[in-house]
2 protein chains.
Amino acid sequence: MNKKIILRQRPVGEPKFDDFELIEENIREPESNEVLIKTIYMSLDPYMRGRMNDAKSYAKAVEIGEEMEAGAVSQVIKSNSSKFKEGDFVEGRTGWQDNPTVNEKKLRLLDPNMAPLSTAIGVLGMPGTTAYVGMKNFAKPQKGETLVVSAASGAVGGTVGQIGKIHGCKVIGIAGNNEKCEYTKEVYGFDECINYKDPSFKESLKEVCKDGVDIYWENVGGSSFDAVMPLFNDFARIPVCGLISFYNLTSLKLDGPDRLPLLFRQLLTKRMMYKGFIVFDHYDQRQESIEEMSKWIKEGKLKYKEDFVEGLEKATEAFIGLLNGKNFGKLIVQINEDPTK
Amino acid sequence: MNKKIILRQRPVGEPKFDDFELIEENIREPESNEVLIKTIYMSLDPYMRGRMNDAKSYAKAVEIGEEMEAGAVSQVIKSNSSKFKEGDFVEGRTGWQDNPTVNEKKLRLLDPNMAPLSTAIGVLGMPGTTAYVGMKNFAKPQKGETLVVSAASGAVGGTVGQIGKIHGCKVIGIAGNNEKCEYTKEVYGFDECINYKDPSFKESLKEVCKDGVDIYWENVGGSSFDAVMPLFNDFARIPVCGLISFYNLTSLKLDGPDRLPLLFRQLLTKRMMYKGFIVFDHYDQRQESIEEMSKWIKEGKLKYKEDFVEGLEKATEAFIGLLNGKNFGKLIVQINEDPTK
């Protein structure tokens with residue numbers, strides 16, 4: 001049987017357990033150019049919240065009754081494709097399910113000797129490539145600049161900050177508890193990290209950004225942005241890659257005053273840049289990203305943390321926790337044993 | 001005597017006549033590397049409103065008692081500089097005055113045979129270079145894209161739209177009266193131009209932007225932006241070069257709701273770019289701009305309109321009118337006769 005979690009109804013605000021349903025269906029025999037796979041590691045990422053809404057966005061919404069979307073690392077069980085053979089390890093957007101049958105076009109082959117399989121949905125996968133292409137194309141970090149990263153201990157933020165350090169930046173993280181803050185400093189080498197739940201968050205951030213802020217990596221929105229906004233230097237760059245604090249909002253118009261004029265005036269007088277981006281538009285740089293980041297990992301310049309949850313049936317709870325910052329590092333659902341371990 | 005207009009006090013909101021004062025002082029003999037010049041054409045531009053405030057900005061404020069800042073075309077009367085001789089025509093930021101003595105570093109030599117002298121503060125000067133470098137570096141117009149330009153009949157906007165046409169864009173102007181709108185269509189070749197004072201402005205704009213908006217050139221802010229915001233396409237670019245509707249505001253926080261979350265969500269899902277810029281940061285491209293634009297003028301692809309006011313004593317009134325959209329084309333104060341005419 002193929003177990004899968006489908007979207008039962010569209011969440012209003014924070015997702016709830018009964019917005020989802022775990023169902024079983026018969027395994028489908030692979031037709032031409034298809035493979036049957038067994039999911040080993042499944043990725044949970046904040047962007048998935050957007051797919052649950054019916055709103056027009058860069059990707060189409062998950063339909064009611066359809067399995068939730070996710071990238072995953074799997075092993076080929078049965079192949080009707082000339083590209084993959086039984087036993088191959090593959091990565092692709094195969095969804096919240098444990099034994100799906102998918103088209104070969106959805107998959108890329110993984111070399112289990114190059115890096116641990118789980119990294120293909122983490123530091124060497126979508127979140128890592130997000131960090132790499134955003135830093136390279138939009139943040140353009142220069143030696144001596146100050147980089148502030150929100151969601152600093154997360155899959156994207158942790159990598160962004162370390163790429164900043166590799167480029168000689170002073171790196172300041174923002175995270176949701178002291179343990180995460182300590183980790184970014186001790187393991188990732190951030191210069192400082194501030195807990196945004198601390199009552200003196202704004203003052204502390206200002207204190208550690210003595211030379212202002214040249215790059216702000218936006219994963220979050222809301223209070224993180226509000227604290228950074230007064231600190232921007234001339235020519236500051238703000239890659240906007242996620243807005244996790246907004247994802248559960250039911251309205252994007254908040255109590256006033258309206259700060260658009262303030263934002264525009266600052267943008268103009270400080271000649272700043274705001275750039276929204278989605279990693280999928282930049283997959284022409286994916287191979288480069290994987291090669292460069294693998295090198296940094298081997299050289300000990302780039303570290304990563306994975307946060308494993310066991311079993312597909314735990315995915316919903318883990319995802320709800322992710323939106324509330326309960327994960328610590330790249331959140332991964334382990335669905336079957338990893339035969340390379 | 002040298003007549004000049006000084007800032008008497010900092011305006012609150014809209015500038016008033018008694019914020020300024022016309023005074024006379026003795027002409028100062030040029031010292032080493034200085035020249036005495038006679039002002040012919042003086043430029044009035046919206047950015048000057050910002051210089052009247054004490055707020056921190058990209059350029060320092062004009063001091064109380066100091067002459068207002070402006071670019072101007074002048075003729076050298078007496079030279080103590082090896083770079084300029086008597087009779088030379090020059091352009092530089094020499095202020096609201098008619099017979100100043102200035103350092104040679106402030107000036108560039110003009111060739112009166114290349115183009116009419118007045119263009120050195122217009123289409124071949126600061127406003128024209130603003131349009132050129134903003135289009136080249138940030139708007140990056142592509143054939144078939146839709147470009148919306150606010151303040152469409154102004155010195156910058158009119159040039160931006162024509163550069164858009166040269167690159168094969170569909171160009172939609174926004175201007176403050178029907179005469180200006182007609183002009184941008186008939187003379188500059190814009191495809192459409194909408195009067196923002198028309199009650200059906202938003203609907204009309206939507207109607208003419210059937211394929212959405214790929215580039216919005218922001219000179220204005222406020223209701224122009226509000227009307228364009230819902231129309232942005234994926235990968236839209238918004239060069240922010242002026243915000244004339246904000247310049248007289250005493251607070252930049254307006255009655256709510258706060259639209260920052262809305263702006264950020266759109267920025268992310270549509271992968272947009274907002275880029276504030278100031279032409280002075282890009283003067284390494286000034287010569288290129290002058291050469292390219294001169295060529296377009298000769299080929300009949302680029303037209304320009306100048307709006308002359310006679311006499312330094314009219315500068316204050318003309319400037320107040322500029323902030324209210326009373327000018328029509330590049331606003332120039334003619335202070336002395338142009339001997340090349």
# chains A, B, ... in the order shown; residues from 1 in each chain; ligands from 1
call {"tool": "interface_residues", "arguments": {"of": "chain A", "to": "chain B", "cutoff": "10 Å", "atoms": "only C-alpha atoms", "output": "count of residues only"}}
result
50
call {"tool": "calpha_fit_and_write", "arguments": {"fixed": "chain A", "moving": "chain B", "output": "short mmCIF file (atom, residue, chain, number, x, y, z; two decimals) with C-alpha atoms, in the first residue's frame"}}
result
data_model
loop_
_atom_site.label_atom_id
_atom_site.label_comp_id
_atom_site.auth_asym_id
_atom_site.auth_seq_id
_atom_site.Cartn_x
_atom_site.Cartn_y
_atom_site.Cartn_z
CA MET B 1 0.00 -0.04 0.01
CA ASN B 2 0.99 3.63 -0.51
CA LYS B 3 0.31 5.77 2.55
CA LYS B 4 -0.14 9.44 1.90
CA ILE B 5 -1.30 12.61 3.62
CA ILE B 6 -3.82 14.59 1.64
CA LEU B 7 -5.17 18.10 2.11
CA ARG B 8 -8.70 17.57 3.45
CA GLN B 9 -9.64 21.25 3.59
CA ARG B 10 -7.88 24.57 3.25
CA PRO B 11 -6.53 25.79 6.61
CA VAL B 12 -7.76 29.13 7.91
CA GLY B 13 -4.87 30.72 9.79
CA GLU B 14 -2.76 28.12 11.56
CA PRO B 15 -3.11 24.63 10.03
CA LYS B 16 -4.95 22.11 12.23
CA PHE B 17 -4.81 18.33 12.31
CA ASP B 18 -8.19 17.88 10.66
CA ASP B 19 -7.10 19.97 7.66
CA PHE B 20 -5.17 16.82 6.67
CA GLU B 21 -5.91 13.13 6.40
CA LEU B 22 -3.68 10.08 6.23
CA ILE B 23 -5.05 7.63 3.67
CA GLU B 24 -3.87 4.39 2.06
CA GLU B 25 -4.21 3.39 -1.55
CA ASN B 26 -3.00 0.50 -3.62
CA ILE B 27 0.48 0.78 -4.99
CA ARG B 28 0.33 1.67 -8.68
CA GLU B 29 2.47 -0.33 -11.12
CA PRO B 30 4.91 1.94 -12.98
CA GLU B 31 3.91 2.61 -16.57
CA SER B 32 6.33 3.64 -19.30
CA ASN B 33 8.97 6.14 -18.02
CA GLU B 34 7.73 5.73 -14.47
CA VAL B 35 9.31 4.28 -11.34
CA LEU B 36 7.90 2.99 -8.08
CA ILE B 37 9.91 4.44 -5.22
CA LYS B 38 10.16 4.05 -1.45
CA THR B 39 10.50 7.35 0.42
CA ILE B 40 13.40 7.53 2.90
CA TYR B 41 13.64 11.23 3.86
CA MET B 42 10.88 13.77 3.28
CA SER B 43 11.44 17.49 3.58
CA LEU B 44 9.15 19.87 5.46
CA ASP B 45 9.59 23.52 4.55
CA PRO B 46 7.69 26.71 5.41
CA TYR B 47 6.76 27.44 1.76
CA MET B 48 4.32 24.49 1.89
CA ARG B 49 1.91 26.63 3.91
CA GLY B 50 1.38 28.76 0.80
CA ARG B 51 0.48 25.71 -1.29
CA MET B 52 -2.45 25.02 1.05
CA ASN B 53 -4.15 28.29 0.07
CA ASP B 54 -6.22 28.80 -3.04
CA ALA B 55 -4.56 32.19 -3.64
CA LYS B 56 -2.75 32.89 -6.88
CA SER B 57 0.95 32.44 -6.26
CA TYR B 58 4.12 31.37 -8.06
CA ALA B 59 3.10 27.72 -7.91
CA LYS B 60 -0.34 26.22 -8.14
CA ALA B 61 -2.14 25.32 -4.95
CA VAL B 62 -2.46 21.73 -3.74
CA GLU B 63 -5.98 20.60 -4.58
CA ILE B 64 -8.38 19.35 -1.91
CA GLY B 65 -8.00 15.55 -1.77
CA GLU B 66 -4.53 15.67 -3.31
CA GLU B 67 -1.38 14.66 -1.41
CA MET B 68 0.66 17.51 0.06
CA GLU B 69 3.73 18.56 -1.86
CA ALA B 70 7.29 17.89 -0.65
CA GLY B 71 10.76 17.15 -1.87
CA ALA B 72 12.06 13.74 -0.75
CA VAL B 73 14.95 11.29 -1.03
CA SER B 74 13.83 7.82 -2.11
CA GLN B 75 15.06 4.50 -3.41
CA VAL B 76 13.81 2.97 -6.63
CA ILE B 77 11.86 -0.25 -5.99
CA LYS B 78 10.68 -1.02 -9.50
CA SER B 79 11.62 0.76 -12.68
CA ASN B 80 9.96 1.14 -16.04
CA SER B 81 12.39 3.91 -16.96
CA SER B 82 15.67 3.81 -18.84
CA LYS B 83 17.03 6.54 -16.58
CA PHE B 84 16.75 4.75 -13.23
CA LYS B 85 17.25 1.18 -12.12
CA GLU B 86 16.11 -0.72 -9.04
CA GLY B 87 18.13 0.29 -5.99
CA ASP B 88 19.02 3.77 -7.28
CA PHE B 89 18.72 6.67 -4.87
CA VAL B 90 16.78 9.62 -6.20
CA GLU B 91 15.50 13.03 -5.15
CA GLY B 92 12.39 14.79 -6.38
CA ARG B 93 9.19 16.56 -5.48
CA THR B 94 7.28 13.39 -4.75
CA GLY B 95 4.98 14.55 -1.92
CA TRP B 96 3.86 13.42 1.53
CA GLN B 97 3.69 9.69 0.72
CA ASP B 98 5.75 6.58 1.26
CA ASN B 99 5.45 4.40 -1.85
CA PRO B 100 4.51 6.61 -4.80
CA THR B 101 4.82 5.85 -8.49
CA VAL B 102 6.21 8.86 -10.33
CA ASN B 103 7.44 9.95 -13.74
CA GLU B 104 11.21 9.83 -14.27
CA LYS B 105 11.19 13.56 -15.12
CA LYS B 106 10.44 14.35 -11.50
CA LEU B 107 13.65 12.73 -10.25
CA ARG B 108 17.38 13.30 -10.19
CA LEU B 109 19.90 10.55 -9.40
CA LEU B 110 21.89 10.82 -6.16
CA ASP B 111 25.39 9.50 -5.54
CA PRO B 112 25.31 8.10 -1.97
CA ASN B 113 29.12 8.25 -1.83
CA MET B 114 29.26 11.98 -2.37
CA ALA B 115 27.35 13.10 0.70
CA PRO B 116 24.83 11.68 3.19
CA LEU B 117 21.53 11.09 1.37
CA SER B 118 19.55 13.42 3.62
CA THR B 119 21.61 16.43 2.49
CA ALA B 120 19.90 16.19 -0.92
CA ILE B 121 16.83 17.85 0.60
CA GLY B 122 18.88 20.09 2.92
CA VAL B 123 22.18 21.83 2.55
CA LEU B 124 22.78 20.26 -0.89
CA GLY B 125 19.11 20.52 -1.84
CA MET B 126 16.42 23.17 -2.11
CA PRO B 127 17.19 25.12 1.11
CA GLY B 128 20.95 25.13 0.53
CA THR B 129 20.56 26.19 -3.09
CA THR B 130 18.20 28.95 -1.94
CA ALA B 131 20.93 30.31 0.31
CA TYR B 132 23.56 29.97 -2.39
CA VAL B 133 21.73 31.63 -5.28
CA GLY B 134 20.28 34.39 -3.11
CA MET B 135 23.68 35.31 -1.72
CA LYS B 136 25.37 35.11 -5.10
CA ASN B 137 22.82 36.98 -7.20
CA PHE B 138 21.17 39.44 -4.81
CA ALA B 139 22.96 39.85 -1.47
CA LYS B 140 26.42 40.01 -3.09
CA PRO B 141 28.27 40.05 0.24
CA GLN B 142 31.45 42.13 0.47
CA LYS B 143 34.22 41.79 3.01
CA GLY B 144 33.57 43.83 6.14
CA GLU B 145 29.86 44.28 5.54
CA THR B 146 27.26 43.48 8.20
CA LEU B 147 24.78 40.73 7.30
CA VAL B 148 21.69 40.13 9.45
CA VAL B 149 19.89 36.80 8.95
CA SER B 150 16.43 36.05 10.30
CA ALA B 151 15.46 32.44 11.13
CA ALA B 152 19.18 32.08 11.67
CA SER B 153 19.26 28.46 12.84
CA GLY B 154 16.97 27.21 10.07
CA ALA B 155 17.92 25.29 6.95
CA VAL B 156 18.27 28.42 4.82
CA GLY B 157 19.33 30.96 7.47
CA GLY B 158 22.15 28.85 8.91
CA THR B 159 23.65 28.39 5.46
CA VAL B 160 23.22 32.06 4.50
CA GLY B 161 25.12 33.18 7.59
CA GLN B 162 27.99 30.76 6.96
CA ILE B 163 28.26 31.90 3.33
CA GLY B 164 28.42 35.43 4.74
CA LYS B 165 31.31 34.40 6.99
CA ILE B 166 33.08 32.77 4.02
CA HIS B 167 32.86 36.16 2.27
CA GLY B 168 34.26 38.04 5.26
CA CYS B 169 31.04 39.59 6.57
CA LYS B 170 30.16 40.31 10.16
CA VAL B 171 27.15 38.01 10.62
CA ILE B 172 24.32 38.66 13.07
CA GLY B 173 21.58 36.06 13.46
CA ILE B 174 18.03 36.46 14.71
CA ALA B 175 16.44 33.31 16.19
CA GLY B 176 13.62 32.30 18.51
CA ASN B 177 15.43 30.92 21.55
CA ASN B 178 18.77 31.10 23.30
CA GLU B 179 19.77 27.54 22.45
CA LYS B 180 19.41 28.29 18.73
CA CYS B 181 21.34 31.53 19.16
CA GLU B 182 24.21 29.77 20.93
CA TYR B 183 24.32 27.12 18.22
CA THR B 184 24.66 29.64 15.38
CA LYS B 185 27.55 31.28 17.19
CA GLU B 186 29.37 28.15 18.39
CA VAL B 187 28.86 25.83 15.43
CA TYR B 188 28.19 28.16 12.48
CA GLY B 189 30.58 30.90 13.64
CA PHE B 190 28.09 33.78 13.62
CA ASP B 191 29.45 36.86 15.37
CA GLU B 192 26.26 37.47 17.30
CA CYS B 193 22.74 36.11 17.47
CA ILE B 194 19.78 37.81 19.13
CA ASN B 195 16.62 36.14 20.45
CA TYR B 196 13.66 38.04 18.99
CA LYS B 197 11.51 36.96 21.93
CA ASP B 198 13.76 38.85 24.31
CA PRO B 199 12.10 42.09 25.51
CA SER B 200 15.24 44.07 24.65
CA PHE B 201 15.50 42.53 21.15
CA LYS B 202 15.44 45.83 19.24
CA GLU B 203 18.01 47.49 21.47
CA SER B 204 20.27 44.42 21.47
CA LEU B 205 20.17 44.21 17.70
CA LYS B 206 21.05 47.88 17.36
CA GLU B 207 23.87 47.41 19.85
CA VAL B 208 25.51 44.58 17.87
CA CYS B 209 24.99 46.30 14.49
CA LYS B 210 27.19 49.26 15.38
CA ASP B 211 28.11 49.87 11.74
CA GLY B 212 24.55 49.50 10.47
CA VAL B 213 23.19 46.74 8.24
CA ASP B 214 24.33 46.18 4.65
CA ILE B 215 22.44 42.97 3.95
CA TYR B 216 19.27 41.73 5.61
CA TRP B 217 18.22 38.24 4.63
CA GLU B 218 14.45 38.11 5.04
CA ASN B 219 13.02 34.70 5.94
CA VAL B 220 10.44 35.94 8.41
CA GLY B 221 8.92 39.43 8.12
CA GLY B 222 7.10 41.07 11.02
CA SER B 223 9.05 41.98 14.14
CA SER B 224 12.42 40.89 12.69
CA PHE B 225 12.08 43.32 9.81
CA ASP B 226 10.74 46.06 12.07
CA ALA B 227 13.86 45.81 14.23
CA VAL B 228 16.28 45.88 11.27
CA MET B 229 14.54 48.62 9.27
CA PRO B 230 15.99 51.58 11.21
CA LEU B 231 19.52 50.17 10.88
CA PHE B 232 19.94 49.99 7.11
CA ASN B 233 23.02 51.54 5.53
CA ASP B 234 23.21 53.19 2.13
CA PHE B 235 23.04 50.60 -0.65
CA ALA B 236 21.58 47.93 1.67
CA ARG B 237 20.26 44.82 -0.06
CA ILE B 238 17.29 42.81 1.21
CA PRO B 239 16.77 39.44 -0.49
CA VAL B 240 13.26 38.33 0.47
CA CYS B 241 13.12 34.57 0.41
CA GLY B 242 10.46 33.77 2.98
CA LEU B 243 7.95 35.45 5.26
CA ILE B 244 7.16 32.75 7.77
CA SER B 245 5.57 35.13 10.27
CA PHE B 246 2.91 36.01 7.68
CA TYR B 247 2.02 32.55 6.42
CA ASN B 248 -0.77 31.94 8.93
CA LEU B 249 -2.21 35.46 8.71
CA THR B 250 -5.74 35.67 7.34
CA SER B 251 -5.25 39.31 6.31
CA LEU B 252 -2.10 41.02 5.07
CA LYS B 253 -3.36 44.46 6.00
CA LEU B 254 -2.41 45.07 9.61
CA ASP B 255 -3.42 47.81 12.00
CA GLY B 256 -1.87 51.07 10.87
CA PRO B 257 -0.16 53.43 10.45
CA ASP B 258 0.66 52.63 6.85
CA ARG B 259 4.44 52.44 6.58
CA LEU B 260 4.67 52.27 2.79
CA PRO B 261 5.72 55.93 2.45
CA LEU B 262 8.37 55.39 5.14
CA LEU B 263 9.70 52.31 3.37
CA PHE B 264 9.82 54.08 -0.01
CA ARG B 265 11.53 57.17 1.34
CA GLN B 266 14.21 55.06 2.97
CA LEU B 267 14.55 52.94 -0.17
CA LEU B 268 15.18 56.09 -2.20
CA THR B 269 17.42 58.11 0.08
CA LYS B 270 19.54 55.08 0.98
CA ARG B 271 19.42 53.65 -2.57
CA MET B 272 18.41 50.25 -1.26
CA MET B 273 17.24 47.12 -3.06
CA TYR B 274 14.46 44.72 -2.10
CA LYS B 275 14.41 41.56 -4.20
CA GLY B 276 11.91 38.74 -3.86
CA PHE B 277 13.12 35.44 -5.24
CA ILE B 278 12.22 31.77 -5.45
CA VAL B 279 14.95 29.18 -5.85
CA PHE B 280 13.15 27.31 -8.65
CA ASP B 281 13.78 30.25 -10.99
CA HIS B 282 17.52 29.73 -10.53
CA TYR B 283 17.98 26.01 -10.96
CA ASP B 284 20.43 26.69 -13.77
CA GLN B 285 22.80 27.38 -10.85
CA ARG B 286 21.86 24.25 -8.89
CA GLN B 287 24.81 22.12 -9.98
CA GLU B 288 27.24 24.95 -9.31
CA SER B 289 25.68 25.39 -5.88
CA ILE B 290 25.99 21.70 -5.00
CA GLU B 291 29.62 21.60 -6.10
CA GLU B 292 30.62 24.77 -4.28
CA MET B 293 28.78 23.88 -1.08
CA SER B 294 30.17 20.29 -1.08
CA LYS B 295 33.63 21.79 -1.26
CA TRP B 296 32.91 24.12 1.68
CA ILE B 297 31.54 21.19 3.69
CA LYS B 298 34.70 19.14 3.02
CA GLU B 299 36.85 22.12 4.01
CA GLY B 300 34.92 22.45 7.27
CA LYS B 301 33.66 25.94 6.36
CA LEU B 302 30.01 24.95 6.08
CA LYS B 303 28.12 22.98 8.71
CA TYR B 304 24.52 21.89 8.84
CA LYS B 305 22.05 20.61 11.38
CA GLU B 306 19.22 18.19 10.69
CA ASP B 307 16.17 17.73 12.88
CA PHE B 308 14.64 14.29 12.28
CA VAL B 309 11.06 13.22 12.98
CA GLU B 310 10.17 9.53 12.59
CA GLY B 311 7.25 8.36 10.50
CA LEU B 312 4.93 9.87 7.89
CA GLU B 313 2.12 10.05 10.45
CA LYS B 314 4.17 12.65 12.37
CA ALA B 315 4.43 14.98 9.38
CA THR B 316 1.38 17.11 10.17
CA GLU B 317 2.39 17.80 13.75
CA ALA B 318 5.97 18.50 12.69
CA PHE B 319 4.79 20.91 9.99
CA ILE B 320 2.58 22.85 12.41
CA GLY B 321 5.57 23.05 14.75
CA LEU B 322 7.81 24.29 11.92
CA LEU B 323 5.59 27.33 11.39
CA ASN B 324 5.96 28.08 15.09
CA GLY B 325 9.75 27.67 15.10
CA LYS B 326 9.71 24.38 17.04
CA ASN B 327 12.24 22.73 14.70
CA PHE B 328 15.96 23.22 15.18
CA GLY B 329 17.79 22.92 11.88
CA LYS B 330 16.54 21.34 8.68
CA LEU B 331 13.28 19.51 9.48
CA ILE B 332 13.20 16.03 7.90
CA VAL B 333 10.64 13.25 8.26
CA GLN B 334 12.33 9.86 8.17
CA ILE B 335 9.85 7.52 6.55
CA ASN B 336 11.96 4.42 5.90
CA GLU B 337 15.39 3.31 7.00
CA ASP B 338 18.38 4.75 5.15
CA PRO B 339 20.18 1.66 3.73
CA THR B 340 23.43 3.63 3.37
CA LYS B 341 23.68 4.07 7.14
#
call {"tool": "select_by_dssp", "arguments": {"residues": "segment 37-223 of chain A", "states": "strand (DSSP E)", "output": "ChimeraX atom specification"}}
result
/A:37-43,72-80,89-92,101-103,107-110,146-149,170-175,192-195,213-217
call {"tool": "decode", "arguments": {"residues": "segment 281-328 of chain A", "atoms": "C-alpha atoms", "output": "PDB file, in the first residue's frame"}}
result
ATOM      1  CA  ASP A 281      13.793  30.243 -10.997  1.00  0.00           C
ATOM      2  CA  HIS A 282      17.536  29.745 -10.523  1.00  0.00           C
ATOM      3  CA  TYR A 283      18.002  26.005 -10.959  1.00  0.00           C
ATOM      4  CA  ASP A 284      20.449  26.694 -13.777  1.00  0.00           C
ATOM      5  CA  GLN A 285      22.809  27.386 -10.848  1.00  0.00           C
ATOM      6  CA  ARG A 286      21.873  24.262  -8.882  1.00  0.00           C
ATOM      7  CA  GLN A 287      24.811  22.115  -9.986  1.00  0.00           C
ATOM      8  CA  GLU A 288      27.251  24.945  -9.302  1.00  0.00           C
ATOM      9  CA  SER A 289      25.686  25.397  -5.870  1.00  0.00           C
ATOM     10  CA  ILE A 290      25.980  21.702  -4.996  1.00  0.00           C
ATOM     11  CA  GLU A 291      29.618  21.591  -6.100  1.00  0.00           C
ATOM     12  CA  GLU A 292      30.626  24.768  -4.267  1.00  0.00           C
ATOM     13  CA  MET A 293      28.785  23.867  -1.075  1.00  0.00           C
ATOM     14  CA  SER A 294      30.172  20.293  -1.076  1.00  0.00           C
ATOM     15  CA  LYS A 295      33.636  21.799  -1.252  1.00  0.00           C
ATOM     16  CA  TRP A 296      32.910  24.110   1.682  1.00  0.00           C
ATOM     17  CA  ILE A 297      31.522  21.182   3.692  1.00  0.00           C
ATOM     18  CA  LYS A 298      34.687  19.161   3.021  1.00  0.00           C
ATOM     19  CA  GLU A 299      36.845  22.132   4.019  1.00  0.00           C
ATOM     20  CA  GLY A 300      34.921  22.459   7.283  1.00  0.00           C
ATOM     21  CA  LYS A 301      33.650  25.928   6.366  1.00  0.00           C
ATOM     22  CA  LEU A 302      30.007  24.954   6.090  1.00  0.00           C
ATOM     23  CA  LYS A 303      28.110  22.981   8.724  1.00  0.00           C
ATOM     24  CA  TYR A 304      24.502  21.894   8.834  1.00  0.00           C
ATOM     25  CA  LYS A 305      22.050  20.608  11.387  1.00  0.00           C
ATOM     26  CA  GLU A 306      19.214  18.211  10.692  1.00  0.00           C
ATOM     27  CA  ASP A 307      16.156  17.726  12.872  1.00  0.00           C
ATOM     28  CA  PHE A 308      14.637  14.291  12.280  1.00  0.00           C
ATOM     29  CA  VAL A 309      11.065  13.220  12.985  1.00  0.00           C
ATOM     30  CA  GLU A 310      10.183   9.529  12.598  1.00  0.00           C
ATOM     31  CA  GLY A 311       7.247   8.362  10.500  1.00  0.00           C
ATOM     32  CA  LEU A 312       4.936   9.854   7.906  1.00  0.00           C
ATOM     33  CA  GLU A 313       2.109  10.030  10.470  1.00  0.00           C
ATOM     34  CA  LYS A 314       4.161  12.640  12.382  1.00  0.00           C
ATOM     35  CA  ALA A 315       4.431  14.979   9.390  1.00  0.00           C
ATOM     36  CA  THR A 316       1.375  17.112  10.182  1.00  0.00           C
ATOM     37  CA  GLU A 317       2.397  17.790  13.769  1.00  0.00           C
ATOM     38  CA  ALA A 318       5.975  18.516  12.694  1.00  0.00           C
ATOM     39  CA  PHE A 319       4.794  20.916  10.005  1.00  0.00           C
ATOM     40  CA  ILE A 320       2.572  22.842  12.414  1.00  0.00           C
ATOM     41  CA  GLY A 321       5.569  23.064  14.765  1.00  0.00           C
ATOM     42  CA  LEU A 322       7.804  24.290  11.933  1.00  0.00           C
ATOM     43  CA  LEU A 323       5.574  27.329  11.395  1.00  0.00           C
ATOM     44  CA  ASN A 324       5.961  28.073  15.094  1.00  0.00           C
ATOM     45  CA  GLY A 325       9.738  27.683  15.101  1.00  0.00           C
ATOM     46  CA  LYS A 326       9.709  24.389  17.041  1.00  0.00           C
ATOM     47  CA  ASN A 327      12.230  22.722  14.712  1.00  0.00           C
ATOM     48  CA  PHE A 328      15.953  23.221  15.193  1.00  0.00           C
TER      49      PHE A 328
END
